[in-house]
Every structure is written in structure tokens, then in C-alpha cells.
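J.: Below is coords36.txt; it holds compact mmCIF, C-alpha atoms.
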# COMPACT_ATOMS: atom_id res chain seq x y z
CA MET A 604 0.00 0.00 0.00
CA SER A 605 1.03 3.61 -0.49
CA THR A 606 2.33 4.74 2.87
CA THR A 607 3.01 8.47 2.64
CA TRP A 608 -0.29 9.70 4.03
CA ILE A 609 -0.38 6.87 6.57
CA ASP A 610 3.08 7.84 7.82
CA GLU A 611 1.72 11.28 8.70
CA VAL A 612 -0.44 9.66 11.34
CA ASN A 613 1.18 9.75 14.77
CA TRP A 614 0.90 6.06 15.66
CA ASP A 615 1.44 5.34 19.35
CA GLU A 616 3.93 2.85 20.80
CA ARG A 617 1.42 0.07 20.12
CA GLY A 618 0.94 1.21 16.52
CA LEU A 619 -2.57 2.52 17.22
CA VAL A 620 -4.58 5.72 17.07
CA THR A 621 -7.95 6.65 18.51
CA ALA A 622 -10.75 6.50 15.93
CA ILE A 623 -14.10 8.22 16.40
CA ALA A 624 -17.17 7.48 14.30
CA GLN A 625 -19.69 10.29 13.93
CA ASP A 626 -23.05 9.99 12.21
CA ALA A 627 -22.79 12.26 9.17
CA GLN A 628 -26.47 13.10 9.18
CA SER A 629 -27.32 13.60 12.86
CA GLY A 630 -23.84 14.66 13.96
CA ARG A 631 -24.05 12.23 16.84
CA VAL A 632 -20.83 10.67 18.10
CA LEU A 633 -21.49 6.95 17.69
CA MET A 634 -18.45 5.15 19.08
CA VAL A 635 -14.74 5.30 19.75
CA ALA A 636 -12.37 2.49 18.82
CA TRP A 637 -8.78 1.93 17.72
CA MET A 638 -7.11 1.69 14.34
CA ASN A 639 -3.74 0.36 13.27
CA ARG A 640 -2.14 1.08 9.90
CA GLU A 641 -3.89 -1.75 8.16
CA ALA A 642 -7.29 -0.80 9.57
CA LEU A 643 -6.92 2.76 8.32
CA ALA A 644 -5.66 1.61 4.92
CA GLN A 645 -8.56 -0.80 4.51
CA THR A 646 -11.04 1.84 5.66
CA ALA A 647 -9.77 4.29 3.04
CA THR A 648 -9.72 1.68 0.28
CA SER A 649 -13.04 0.02 1.00
CA GLY A 650 -15.02 3.06 2.13
CA HIS A 651 -16.28 1.06 5.11
CA ALA A 652 -15.00 1.35 8.67
CA VAL A 653 -12.39 -1.18 9.75
CA TYR A 654 -11.00 -0.98 13.29
CA TYR A 655 -8.45 -2.89 15.32
CA SER A 656 -9.77 -4.85 18.27
CA ARG A 657 -7.29 -4.84 21.14
CA SER A 658 -9.13 -7.59 23.01
CA ARG A 659 -9.25 -9.88 19.97
CA GLN A 660 -5.94 -8.63 18.57
CA ARG A 661 -7.18 -8.56 15.02
CA LEU A 662 -8.78 -6.32 12.42
CA TRP A 663 -12.46 -5.88 12.95
CA ARG A 664 -14.68 -4.93 10.04
CA LYS A 665 -17.42 -2.99 11.80
CA GLY A 666 -20.68 -4.87 11.33
CA GLU A 667 -19.02 -8.08 10.20
CA GLU A 668 -21.38 -10.07 12.36
CA SER A 669 -24.22 -7.68 13.21
CA GLY A 670 -24.54 -6.30 9.67
CA HIS A 671 -24.35 -2.80 11.14
CA THR A 672 -21.59 -1.59 8.88
CA GLN A 673 -20.45 2.01 8.58
CA ARG A 674 -20.13 3.63 5.17
CA VAL A 675 -17.37 6.21 5.43
CA LEU A 676 -18.01 9.60 3.85
CA ASP A 677 -15.08 11.53 5.26
CA ILE A 678 -11.83 10.82 7.14
CA ARG A 679 -10.18 13.51 9.23
CA LEU A 680 -6.96 13.72 11.23
CA ASP A 681 -6.35 16.00 14.19
CA CYS A 682 -3.61 18.55 14.84
CA ASP A 683 -1.45 16.09 16.78
CA GLY A 684 -2.01 13.35 14.22
CA ASP A 685 -3.19 10.87 16.82
CA VAL A 686 -6.95 11.02 16.37
CA ILE A 687 -8.95 9.90 13.33
CA LEU A 688 -12.53 11.07 12.85
CA LEU A 689 -14.81 9.17 10.50
CA ARG A 690 -18.06 10.71 9.37
CA VAL A 691 -20.23 7.74 8.53
CA GLU A 692 -23.58 6.50 7.43
CA GLN A 693 -24.47 3.96 10.14
CA ILE A 694 -26.25 1.09 8.42
CA GLY A 695 -29.18 -0.13 10.50
CA GLY A 696 -28.97 2.93 12.74
CA ILE A 697 -27.26 0.93 15.48
CA ALA A 698 -23.57 1.45 16.34
CA CYS A 699 -23.43 -0.05 19.84
CA HIS A 700 -23.17 -3.72 20.73
CA THR A 701 -25.88 -3.10 23.34
CA GLY A 702 -28.34 -2.49 20.49
CA ARG A 703 -28.40 1.27 20.92
CA SER A 704 -27.83 3.88 18.23
CA SER A 705 -24.71 5.22 19.95
CA CYS A 706 -22.28 3.89 22.53
CA LEU A 707 -22.51 7.23 24.37
CA TYR A 708 -25.85 6.45 25.99
CA ARG A 709 -25.09 7.29 29.63
CA ARG A 710 -25.50 10.89 30.74
CA LEU A 711 -24.29 12.43 33.96
CA GLU A 712 -27.26 13.75 35.90
CA SER A 713 -27.15 16.76 38.20
CA LEU A 714 -24.21 18.35 36.46
CA GLY A 715 -22.99 20.97 38.91
CA GLY A 716 -25.08 19.52 41.75
CA GLU A 717 -23.94 17.45 44.71
CA GLU A 718 -25.54 14.08 44.03
CA ARG A 719 -24.52 12.76 40.66
CA SER A 720 -25.14 9.55 38.76
CA TRP A 721 -24.97 8.14 35.24
CA SER A 722 -28.38 7.70 33.66
CA VAL A 723 -29.12 5.57 30.61
CA VAL A 724 -30.88 7.97 28.25
CA ASP A 725 -31.05 6.02 24.96
CA PRO A 726 -33.31 3.04 24.29
CA VAL A 727 -32.23 -0.40 23.15
CA LEU A 728 -33.44 -0.59 19.54
CA LYS A 729 -32.56 -4.23 18.97
CA ASP A 730 -31.92 -7.17 21.30
CA PRO A 731 -28.17 -7.91 21.24
CA ALA A 732 -29.00 -11.64 21.31
CA THR A 733 -30.50 -11.29 17.84
CA MET A 734 -27.58 -9.16 16.64
CA TYR A 735 -24.93 -11.70 17.62
CA PRO A 736 -26.60 -15.09 17.25
CA SER A 737 -23.30 -16.96 17.46
CA LYS A 738 -22.52 -15.65 20.92
CA LYS A 739 -24.28 -16.49 24.15
CA ASN A 740 -23.04 -13.33 25.73
CA SER A 741 -22.58 -9.91 24.27
CA PRO A 742 -19.11 -9.31 22.89
CA SER A 743 -16.83 -7.01 24.78
CA ASP A 744 -16.25 -5.02 21.63
CA PRO A 745 -19.09 -3.68 19.53
CA SER A 746 -19.14 -5.32 16.13
CA MET B 845 -15.38 14.32 46.55
CA SER B 846 -18.20 11.83 46.08
CA THR B 847 -16.67 8.96 44.17
CA THR B 848 -19.48 6.60 43.24
CA TRP B 849 -20.16 7.91 39.74
CA ILE B 850 -16.45 8.47 39.13
CA ASP B 851 -15.74 4.85 40.07
CA GLU B 852 -18.05 3.73 37.27
CA VAL B 853 -15.59 5.16 34.78
CA ASN B 854 -13.21 2.53 33.46
CA TRP B 855 -9.90 4.33 34.16
CA ASP B 856 -6.95 2.83 32.30
CA GLU B 857 -3.69 1.67 33.86
CA ARG B 858 -2.50 5.29 33.86
CA GLY B 859 -5.72 6.48 35.51
CA LEU B 860 -6.92 8.18 32.34
CA VAL B 861 -9.83 8.07 29.90
CA THR B 862 -10.29 9.56 26.45
CA ALA B 863 -12.34 12.77 26.49
CA ILE B 864 -14.00 14.21 23.39
CA ALA B 865 -15.35 17.73 23.17
CA GLN B 866 -18.19 18.31 20.73
CA ASP B 867 -19.71 21.68 19.88
CA ALA B 868 -23.27 21.48 21.19
CA GLN B 869 -24.62 23.83 18.54
CA SER B 870 -22.85 22.74 15.34
CA GLY B 871 -22.29 19.13 16.36
CA ARG B 872 -18.69 19.41 15.28
CA VAL B 873 -16.08 17.31 17.05
CA LEU B 874 -13.67 19.92 18.39
CA MET B 875 -10.84 18.03 20.07
CA VAL B 876 -9.82 14.90 21.90
CA ALA B 877 -7.82 14.94 25.12
CA TRP B 878 -7.39 12.97 28.33
CA MET B 879 -9.01 13.17 31.75
CA ASN B 880 -8.02 11.74 35.10
CA ARG B 881 -10.36 11.50 38.08
CA GLU B 882 -9.66 15.00 39.27
CA ALA B 883 -10.15 16.50 35.80
CA LEU B 884 -13.55 14.86 35.47
CA ALA B 885 -14.56 15.85 39.00
CA GLN B 886 -13.55 19.48 38.40
CA THR B 887 -15.33 19.49 35.04
CA ALA B 888 -18.57 18.29 36.63
CA THR B 889 -18.31 20.71 39.54
CA SER B 890 -17.26 23.80 37.62
CA GLY B 891 -19.23 23.24 34.42
CA HIS B 892 -16.10 24.06 32.43
CA ALA B 893 -13.84 21.53 30.73
CA VAL B 894 -10.74 20.47 32.65
CA TYR B 895 -8.41 17.91 31.06
CA TYR B 896 -5.21 16.19 32.06
CA SER B 897 -2.12 17.04 30.02
CA ARG B 898 0.13 14.02 29.64
CA SER B 899 3.02 16.11 28.32
CA ARG B 900 2.83 18.60 31.19
CA GLN B 901 1.64 16.00 33.71
CA ARG B 902 -0.86 18.30 35.30
CA LEU B 903 -4.48 19.37 35.14
CA TRP B 904 -5.21 21.72 32.31
CA ARG B 905 -8.18 24.03 32.49
CA LYS B 906 -9.06 24.39 28.83
CA GLY B 907 -8.59 28.03 27.84
CA GLU B 908 -6.53 28.91 30.93
CA GLU B 909 -4.15 30.87 28.75
CA SER B 910 -5.98 31.43 25.48
CA GLY B 911 -9.29 32.34 27.10
CA HIS B 912 -10.98 29.78 24.85
CA THR B 913 -12.77 27.96 27.62
CA GLN B 914 -15.45 25.34 27.12
CA ARG B 915 -18.75 25.61 28.95
CA VAL B 916 -19.99 22.07 29.49
CA LEU B 917 -23.67 21.39 28.81
CA ASP B 918 -23.67 17.61 28.94
CA ILE B 919 -21.32 14.80 29.99
CA ARG B 920 -21.73 11.31 28.56
CA LEU B 921 -20.00 7.98 29.16
CA ASP B 922 -19.74 5.15 26.64
CA CYS B 923 -20.72 1.49 26.93
CA ASP B 924 -17.23 0.40 27.94
CA GLY B 925 -16.89 3.26 30.40
CA ASP B 926 -13.61 4.43 28.91
CA VAL B 927 -14.73 7.37 26.78
CA ILE B 928 -16.18 10.65 28.01
CA LEU B 929 -18.07 12.93 25.62
CA LEU B 930 -18.55 16.58 26.51
CA ARG B 931 -21.07 18.66 24.63
CA VAL B 932 -19.76 22.19 25.00
CA GLU B 933 -20.16 25.81 24.14
CA GLN B 934 -16.74 26.72 22.77
CA ILE B 935 -15.98 30.25 23.93
CA GLY B 936 -14.33 32.27 21.19
CA GLY B 937 -15.19 29.63 18.60
CA ILE B 938 -11.63 28.29 18.64
CA ALA B 939 -10.77 24.91 20.16
CA CYS B 940 -7.42 24.21 18.50
CA HIS B 941 -4.03 25.59 19.51
CA THR B 942 -3.40 26.28 15.81
CA GLY B 943 -6.13 28.95 15.95
CA ARG B 944 -8.71 26.84 14.12
CA SER B 945 -12.25 26.10 15.26
CA SER B 946 -11.57 22.37 15.53
CA CYS B 947 -8.47 20.20 15.87
CA LEU B 948 -9.88 17.90 13.16
CA TYR B 949 -8.92 20.18 10.28
CA ARG B 950 -7.12 17.72 7.99
CA ARG B 951 -9.23 15.72 5.56
CA LEU B 952 -8.13 12.71 3.56
CA GLU B 953 -8.49 13.50 -0.13
CA SER B 954 -9.29 10.93 -2.81
CA LEU B 955 -11.03 8.58 -0.43
CA GLY B 956 -11.22 5.31 -2.36
CA GLY B 957 -8.75 6.51 -4.99
CA GLU B 958 -5.12 5.57 -5.44
CA GLU B 959 -3.30 8.81 -4.64
CA ARG B 960 -4.22 10.07 -1.21
CA SER B 961 -3.11 12.98 0.96
CA TRP B 962 -4.21 14.98 3.96
CA SER B 963 -5.55 18.39 3.06
CA VAL B 964 -6.01 21.30 5.48
CA VAL B 965 -9.64 22.29 5.01
CA ASP B 966 -10.27 24.73 7.88
CA PRO B 967 -8.89 28.27 8.08
CA VAL B 968 -6.80 29.73 10.90
CA LEU B 969 -9.15 32.16 12.63
CA LYS B 970 -6.59 33.63 15.01
CA ASP B 971 -2.79 33.77 15.01
CA PRO B 972 -1.54 31.36 17.69
CA ALA B 973 1.14 33.91 18.61
CA THR B 974 -1.58 36.23 19.86
CA MET B 975 -3.37 33.37 21.64
CA TYR B 976 -0.32 32.33 23.66
CA PRO B 977 1.68 35.50 24.22
CA SER B 978 3.86 33.92 26.90
CA LYS B 979 5.18 31.25 24.54
CA LYS B 980 7.50 31.74 21.62
CA ASN B 981 6.32 28.50 20.08
CA SER B 982 2.89 26.98 20.06
CA PRO B 983 2.28 24.55 22.90
CA SER B 984 2.14 20.89 22.11
CA ASP B 985 -1.24 20.67 23.76
CA PRO B 986 -4.09 22.95 22.86
CA SER B 987 -5.04 25.18 25.75
Mind turning this structure into C-alpha cells?

T.:
Amino acid sequence: MSTTWIDEVNWDERGLVTAIAQDAQSGRVLMVAWMNREALAQTATSGHAVYYSRSRQRLWRKGEESGHTQRVLDIRLDCDGDVILLRVEQIGGIACHTGRSSCLYRRLESLGGEERSWSVVDPVLKDPATMYPSKKNSPSDPS
Amino acid sequence: MSTTWIDEVNWDERGLVTAIAQDAQSGRVLMVAWMNREALAQTATSGHAVYYSRSRQRLWRKGEESGHTQRVLDIRLDCDGDVILLRVEQIGGIACHTGRSSCLYRRLESLGGEERSWSVVDPVLKDPATMYPSKKNSPSDPS
């Protein structure tokens, strides 16, 4: 693969960068994952999001099991070169392995108050058991 | 400080989590930084974004020098508990230490094509030299 543009990314000591997926239409931040060189190269070539799973230590084509792929419309890099932002079309409208539209579904209540707690503010749109029929339990990584 | 809600965050081996700031009005992802427990606690209490600078190894009140503070409207936590999302009002409309509205100002051109490169697509709104008068060079972290 051509490496020039990939070499401008500031890969960390593990060869990874933070990758954020944002819904291009709603603007909602959907999820945060990791990419290695190959994941970024495949994402750019295929036009669909490919991440690197640290727990499984392999490339992870988003939606490979759930069908909830991400069509990539735009790839951005930050000033330090260590964050990638994907603007995507989220197929199926579900990015999270819990069956929710976004992984960012817990909101801190009583911001500025004394008693605080995280509150789940987004509904489950699809039962994870039907999203990942091959697994008894939900995977630790969204897929 | 009350620790219950902070203990639900999945702090990494360094005691940090990834923190994303998103403009609440435009939906634009502005920057990505790190938080430790104290940074998150101060952010929740003060209603203004406080991060942890790894390079300076200290808390970093966003805008402490530039004046480009972030008023926090909403704090979210992801499914794995290791990503914080702040929806903010970006004071001054500049989040990046390069003087741009967002740190995500480089876009990959020719997505899907053969020849690719990063292209700067956002203008500098303010000369960094006037944002950080005490420094000869721009800081490595935005502030």
C-alpha cells in the first residue's frame, strides 16, 4: 500500500490511534475504537470502517457479524495526528453492541449539583442476542 | 469528593480516559484529550472543561491561557466506560491551539482513490502567537 499519508499519522507505541465514528447526518458521536495502519488503509480503500480490536488482537470490520456496517463519507486527522474522525452512514442505525444507536448512551445527571449519577438515556433498539446469534453473551467489543 | 459515579468510569492503567469535546450547537467534534479522576470531577463541579495534560503531567483548564474555555452542557460515558463525551459551548469559537475552530482540520483526499493525501480544510481564525503570548512557540497541547 502507499504509505506516505499513513506515515503522517502519529501512531502510538502500540501502533494505534484513537478513531471516532460520527453519524454524518445527525452529527451524533457513535463510538470510539482503535485503528492500526492496516485498519486505516482498509477503511480508506473500501469506504467502510475497519477498526483494530485490542481484546481480539485482530482487524475488525465494523458490522461483520451484526450487519451494522459504517459507510465512510469523510476521514479527518487532528492537529497532533493521533486522532482519526470518520463521518459515517451507520447502516441499521445501530452502532453499539448493546443495540443502541450510539455507545454514548449514559448521561451524567445533576451536572454541577452534589448528588450525581450516570443515567441511561437512549433506548435499546434491537436485542443484542439477535444481533450476535453466534454468541451467548454480548461481545466485549461492539461489532 | 463523592466517588461513586467516578468509580463507574473505566480508568486505564494510567488512571486516564479519552475525552471528546463536541460543539453542542454545530455538532462538530472539536478536540480529543485525556481526563483523570480529578479532571472529570472538576469538570462536573465547575461546568467548564478540565483535562489532564500528559506532556505537562498536570491538570489543564481548557482556555486557561488562550481564554478559549469550554462551557460544558452535557457529559456522557460510553458502553465500555472508557470514553467521556462533553457537549460544550466553545468560547471564542476556537478549540485548536493552531487557531482553528476544531483540531480535526485535515481531511483525507481521494477517499477510495489511489493517490491520497491529507488536506487542510479549515482556516486559521486567530494567530496562535496572539493566543499564547507567553510562549515563543505553540504549545504541544491545545489550551

J.: Could you please determine the separation between atom CA of Leu929 of chain B and atom CA of Glu718 of chain A in Å, to one decimal place?

T.: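 Atom CA of Glu718 of chain A lies 19.9 Å from atom CA of Leu929 of chain B.
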
J.: With 6 Å as the cut-off and all atoms listed in the file counted, what is the closest atom pair between each nearby residue of chain A and chain B? Distances in Å to one decimal, ordered by chain and number, as a tab-separated table.

T.:
residue	atom	partner	partner_atom	distance
A:Trp608	CA	B:Ser961	CA	5.3
A:Gly630	CA	B:Gly871	CA	5.3
A:Ala647	CA	B:Leu955	CA	5.7
A:Thr648	CA	B:Gly956	CA	4.7
A:Ile678	CA	B:Leu952	CA	5.5
A:Arg679	CA	B:Arg951	CA	4.4
A:Leu680	CA	B:Arg950	CA	5.2
A:Asp681	CA	B:Leu948	CA	4.1
A:Cys682	CA	B:Cys947	CA	5.2
A:Cys706	CA	B:Asp922	CA	5.0
A:Leu707	CA	B:Asp922	CA	4.1
A:Arg709	CA	B:Leu921	CA	5.2
A:Arg710	CA	B:Arg920	CA	4.4
A:Leu711	CA	B:Ile919	CA	5.5
A:Leu714	CA	B:Ala888	CA	5.6
A:Gly715	CA	B:Thr889	CA	4.7
A:Ser720	CA	B:Trp849	CA	5.3

J.: Where does chain A end up after superposition onto chain B over all in-order Cα pairs? Give it as an mmCIF file with C-alpha atoms, in the coordinates of the input.

T.:
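Contents of result_38.cif, as written:
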data_model
loop_
_atom_site.group_PDB
_atom_site.id
_atom_site.type_symbol
_atom_site.label_atom_id
_atom_site.label_comp_id
_atom_site.auth_asym_id
_atom_site.auth_seq_id
_atom_site.Cartn_x
_atom_site.Cartn_y
_atom_site.Cartn_z
ATOM 1 C CA MET A 604 -15.346 14.365 46.486
ATOM 2 C CA SER A 605 -18.175 11.890 46.031
ATOM 3 C CA THR A 606 -16.666 8.988 44.145
ATOM 4 C CA THR A 607 -19.490 6.611 43.249
ATOM 5 C CA TRP A 608 -20.187 7.905 39.760
ATOM 6 C CA ILE A 609 -16.478 8.450 39.121
ATOM 7 C CA ASP A 610 -15.751 4.838 40.069
ATOM 8 C CA GLU A 611 -18.058 3.712 37.263
ATOM 9 C CA VAL A 612 -15.600 5.145 34.780
ATOM 10 C CA ASN A 613 -13.201 2.518 33.460
ATOM 11 C CA TRP A 614 -9.915 4.311 34.149
ATOM 12 C CA ASP A 615 -6.952 2.820 32.298
ATOM 13 C CA GLU A 616 -3.680 1.674 33.874
ATOM 14 C CA ARG A 617 -2.499 5.293 33.857
ATOM 15 C CA GLY A 618 -5.711 6.482 35.518
ATOM 16 C CA LEU A 619 -6.942 8.165 32.328
ATOM 17 C CA VAL A 620 -9.840 8.063 29.901
ATOM 18 C CA THR A 621 -10.294 9.547 26.453
ATOM 19 C CA ALA A 622 -12.345 12.759 26.486
ATOM 20 C CA ILE A 623 -13.999 14.197 23.388
ATOM 21 C CA ALA A 624 -15.356 17.731 23.164
ATOM 22 C CA GLN A 625 -18.197 18.305 20.718
ATOM 23 C CA ASP A 626 -19.704 21.677 19.883
ATOM 24 C CA ALA A 627 -23.272 21.495 21.185
ATOM 25 C CA GLN A 628 -24.616 23.826 18.537
ATOM 26 C CA SER A 629 -22.849 22.748 15.338
ATOM 27 C CA GLY A 630 -22.281 19.133 16.364
ATOM 28 C CA ARG A 631 -18.683 19.425 15.263
ATOM 29 C CA VAL A 632 -16.089 17.315 17.056
ATOM 30 C CA LEU A 633 -13.670 19.925 18.390
ATOM 31 C CA MET A 634 -10.849 18.025 20.078
ATOM 32 C CA VAL A 635 -9.820 14.884 21.897
ATOM 33 C CA ALA A 636 -7.823 14.938 25.120
ATOM 34 C CA TRP A 637 -7.393 12.959 28.331
ATOM 35 C CA MET A 638 -9.007 13.164 31.740
ATOM 36 C CA ASN A 639 -8.020 11.743 35.099
ATOM 37 C CA ARG A 640 -10.365 11.494 38.077
ATOM 38 C CA GLU A 641 -9.664 14.985 39.267
ATOM 39 C CA ALA A 642 -10.157 16.493 35.812
ATOM 40 C CA LEU A 643 -13.554 14.843 35.473
ATOM 41 C CA ALA A 644 -14.575 15.842 38.998
ATOM 42 C CA GLN A 645 -13.579 19.454 38.409
ATOM 43 C CA THR A 646 -15.331 19.485 35.036
ATOM 44 C CA ALA A 647 -18.575 18.281 36.619
ATOM 45 C CA THR A 648 -18.329 20.703 39.535
ATOM 46 C CA SER A 649 -17.272 23.792 37.627
ATOM 47 C CA GLY A 650 -19.240 23.244 34.424
ATOM 48 C CA HIS A 651 -16.108 24.063 32.427
ATOM 49 C CA ALA A 652 -13.844 21.536 30.728
ATOM 50 C CA VAL A 653 -10.751 20.467 32.643
ATOM 51 C CA TYR A 654 -8.410 17.912 31.062
ATOM 52 C CA TYR A 655 -5.200 16.187 32.057
ATOM 53 C CA SER A 656 -2.128 17.041 30.027
ATOM 54 C CA ARG A 657 0.148 14.030 29.654
ATOM 55 C CA SER A 658 3.036 16.118 28.335
ATOM 56 C CA ARG A 659 2.832 18.612 31.205
ATOM 57 C CA GLN A 660 1.656 16.016 33.725
ATOM 58 C CA ARG A 661 -0.866 18.319 35.300
ATOM 59 C CA LEU A 662 -4.497 19.381 35.153
ATOM 60 C CA TRP A 663 -5.213 21.716 32.315
ATOM 61 C CA ARG A 664 -8.187 24.044 32.497
ATOM 62 C CA LYS A 665 -9.079 24.397 28.830
ATOM 63 C CA GLY A 666 -8.591 28.026 27.845
ATOM 64 C CA GLU A 667 -6.556 28.904 30.915
ATOM 65 C CA GLU A 668 -4.160 30.872 28.774
ATOM 66 C CA SER A 669 -5.982 31.424 25.476
ATOM 67 C CA GLY A 670 -9.305 32.344 27.103
ATOM 68 C CA HIS A 671 -10.985 29.784 24.850
ATOM 69 C CA THR A 672 -12.778 27.963 27.618
ATOM 70 C CA GLN A 673 -15.459 25.336 27.108
ATOM 71 C CA ARG A 674 -18.757 25.595 28.954
ATOM 72 C CA VAL A 675 -20.002 22.059 29.489
ATOM 73 C CA LEU A 676 -23.674 21.391 28.805
ATOM 74 C CA ASP A 677 -23.674 17.612 28.933
ATOM 75 C CA ILE A 678 -21.327 14.789 29.992
ATOM 76 C CA ARG A 679 -21.723 11.307 28.560
ATOM 77 C CA LEU A 680 -20.000 7.977 29.155
ATOM 78 C CA ASP A 681 -19.743 5.151 26.650
ATOM 79 C CA CYS A 682 -20.724 1.491 26.923
ATOM 80 C CA ASP A 683 -17.232 0.383 27.952
ATOM 81 C CA GLY A 684 -16.881 3.255 30.402
ATOM 82 C CA ASP A 685 -13.610 4.415 28.901
ATOM 83 C CA VAL A 686 -14.737 7.350 26.784
ATOM 84 C CA ILE A 687 -16.189 10.649 28.012
ATOM 85 C CA LEU A 688 -18.069 12.925 25.625
ATOM 86 C CA LEU A 689 -18.555 16.570 26.523
ATOM 87 C CA ARG A 690 -21.058 18.661 24.632
ATOM 88 C CA VAL A 691 -19.768 22.187 25.010
ATOM 89 C CA GLU A 692 -20.175 25.798 24.138
ATOM 90 C CA GLN A 693 -16.733 26.728 22.768
ATOM 91 C CA ILE A 694 -15.994 30.255 23.942
ATOM 92 C CA GLY A 695 -14.340 32.280 21.192
ATOM 93 C CA GLY A 696 -15.201 29.632 18.610
ATOM 94 C CA ILE A 697 -11.641 28.306 18.637
ATOM 95 C CA ALA A 698 -10.775 24.910 20.169
ATOM 96 C CA CYS A 699 -7.421 24.205 18.504
ATOM 97 C CA HIS A 700 -4.045 25.580 19.524
ATOM 98 C CA THR A 701 -3.402 26.265 15.828
ATOM 99 C CA GLY A 702 -6.129 28.929 15.955
ATOM 100 C CA ARG A 703 -8.706 26.833 14.139
ATOM 101 C CA SER A 704 -12.251 26.101 15.267
ATOM 102 C CA SER A 705 -11.575 22.365 15.540
ATOM 103 C CA CYS A 706 -8.480 20.208 15.861
ATOM 104 C CA LEU A 707 -9.889 17.903 13.160
ATOM 105 C CA TYR A 708 -8.935 20.189 10.288
ATOM 106 C CA ARG A 709 -7.136 17.734 7.991
ATOM 107 C CA ARG A 710 -9.234 15.718 5.564
ATOM 108 C CA LEU A 711 -8.139 12.723 3.554
ATOM 109 C CA GLU A 712 -8.496 13.503 -0.133
ATOM 110 C CA SER A 713 -9.301 10.932 -2.799
ATOM 111 C CA LEU A 714 -11.019 8.571 -0.417
ATOM 112 C CA GLY A 715 -11.220 5.308 -2.333
ATOM 113 C CA GLY A 716 -8.752 6.520 -4.974
ATOM 114 C CA GLU A 717 -5.112 5.573 -5.424
ATOM 115 C CA GLU A 718 -3.309 8.815 -4.637
ATOM 116 C CA ARG A 719 -4.230 10.071 -1.214
ATOM 117 C CA SER A 720 -3.122 12.973 0.942
ATOM 118 C CA TRP A 721 -4.234 14.978 3.968
ATOM 119 C CA SER A 722 -5.557 18.405 3.062
ATOM 120 C CA VAL A 723 -6.009 21.287 5.487
ATOM 121 C CA VAL A 724 -9.642 22.291 5.015
ATOM 122 C CA ASP A 725 -10.269 24.743 7.887
ATOM 123 C CA PRO A 726 -8.882 28.274 8.099
ATOM 124 C CA VAL A 727 -6.793 29.714 10.903
ATOM 125 C CA LEU A 728 -9.151 32.155 12.640
ATOM 126 C CA LYS A 729 -6.592 33.625 15.016
ATOM 127 C CA ASP A 730 -2.789 33.761 15.019
ATOM 128 C CA PRO A 731 -1.539 31.344 17.705
ATOM 129 C CA ALA A 732 1.156 33.897 18.615
ATOM 130 C CA THR A 733 -1.577 36.219 19.862
ATOM 131 C CA MET A 734 -3.368 33.376 21.655
ATOM 132 C CA TYR A 735 -0.322 32.320 23.666
ATOM 133 C CA PRO A 736 1.677 35.503 24.209
ATOM 134 C CA SER A 737 3.861 33.911 26.879
ATOM 135 C CA LYS A 738 5.196 31.267 24.529
ATOM 136 C CA LYS A 739 7.513 31.756 21.592
ATOM 137 C CA ASN A 740 6.363 28.539 20.059
ATOM 138 C CA SER A 741 2.958 26.978 19.972
ATOM 139 C CA PRO A 742 2.315 24.593 22.836
ATOM 140 C CA SER A 743 2.211 20.920 22.088
ATOM 141 C CA ASP A 744 -1.153 20.687 23.776
ATOM 142 C CA PRO A 745 -4.034 22.957 22.872
ATOM 143 C CA SER A 746 -4.940 25.201 25.770
#

J.: Have a look at A:Gly670, A:Val620, A:Arg659, A:Tyr654 and name the one nearest to Gly696 of chain A; count only C-alpha atoms.

T.: A:Gly670

J.: Take atom CA of Val968 of chain B and atom CA of Val691 of chain A and report the distance between them in Å, one decimal.

T.: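 Going from atom CA of Val968 of chain B over to atom CA of Val691 of chain A covers 25.9 Å.
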
J.: Counting all atoms listed in the file, what is within 9 Å of segment 907-909 of chain B, bar same-chain residues fewer than 4 positions away, as a PyMOL selection string?

T.: chain B and resi 893+913-914+935+939+975-978+986-987

J.: Could you tell me how far atom CA of His912 of chain B lies from atom CA of Leu884 of chain B, in Å and to one decimal?

T.: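 Separating atom CA of His912 of chain B from atom CA of Leu884 of chain B is a distance of 18.5 Å.
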
J.: Residues near Leu903 of chain B, anyone? I mean within 7 Å using only C-alpha atoms, not counting same-chain ones fewer than 3 positions away, as a JSON list (two decimals) with C-alpha atoms, in the frame of the given file.

T.:
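Just written: part-v3.json:
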[["chain", "number", "residue", "atom", "x", "y", "z"],
["B", 883, "ALA", "CA", -10.15, 16.50, 35.80],
["B", 894, "VAL", "CA", -10.74, 20.47, 32.65],
["B", 895, "TYR", "CA", -8.41, 17.91, 31.06],
["B", 896, "TYR", "CA", -5.21, 16.19, 32.06],
["B", 897, "SER", "CA", -2.12, 17.04, 30.02]]
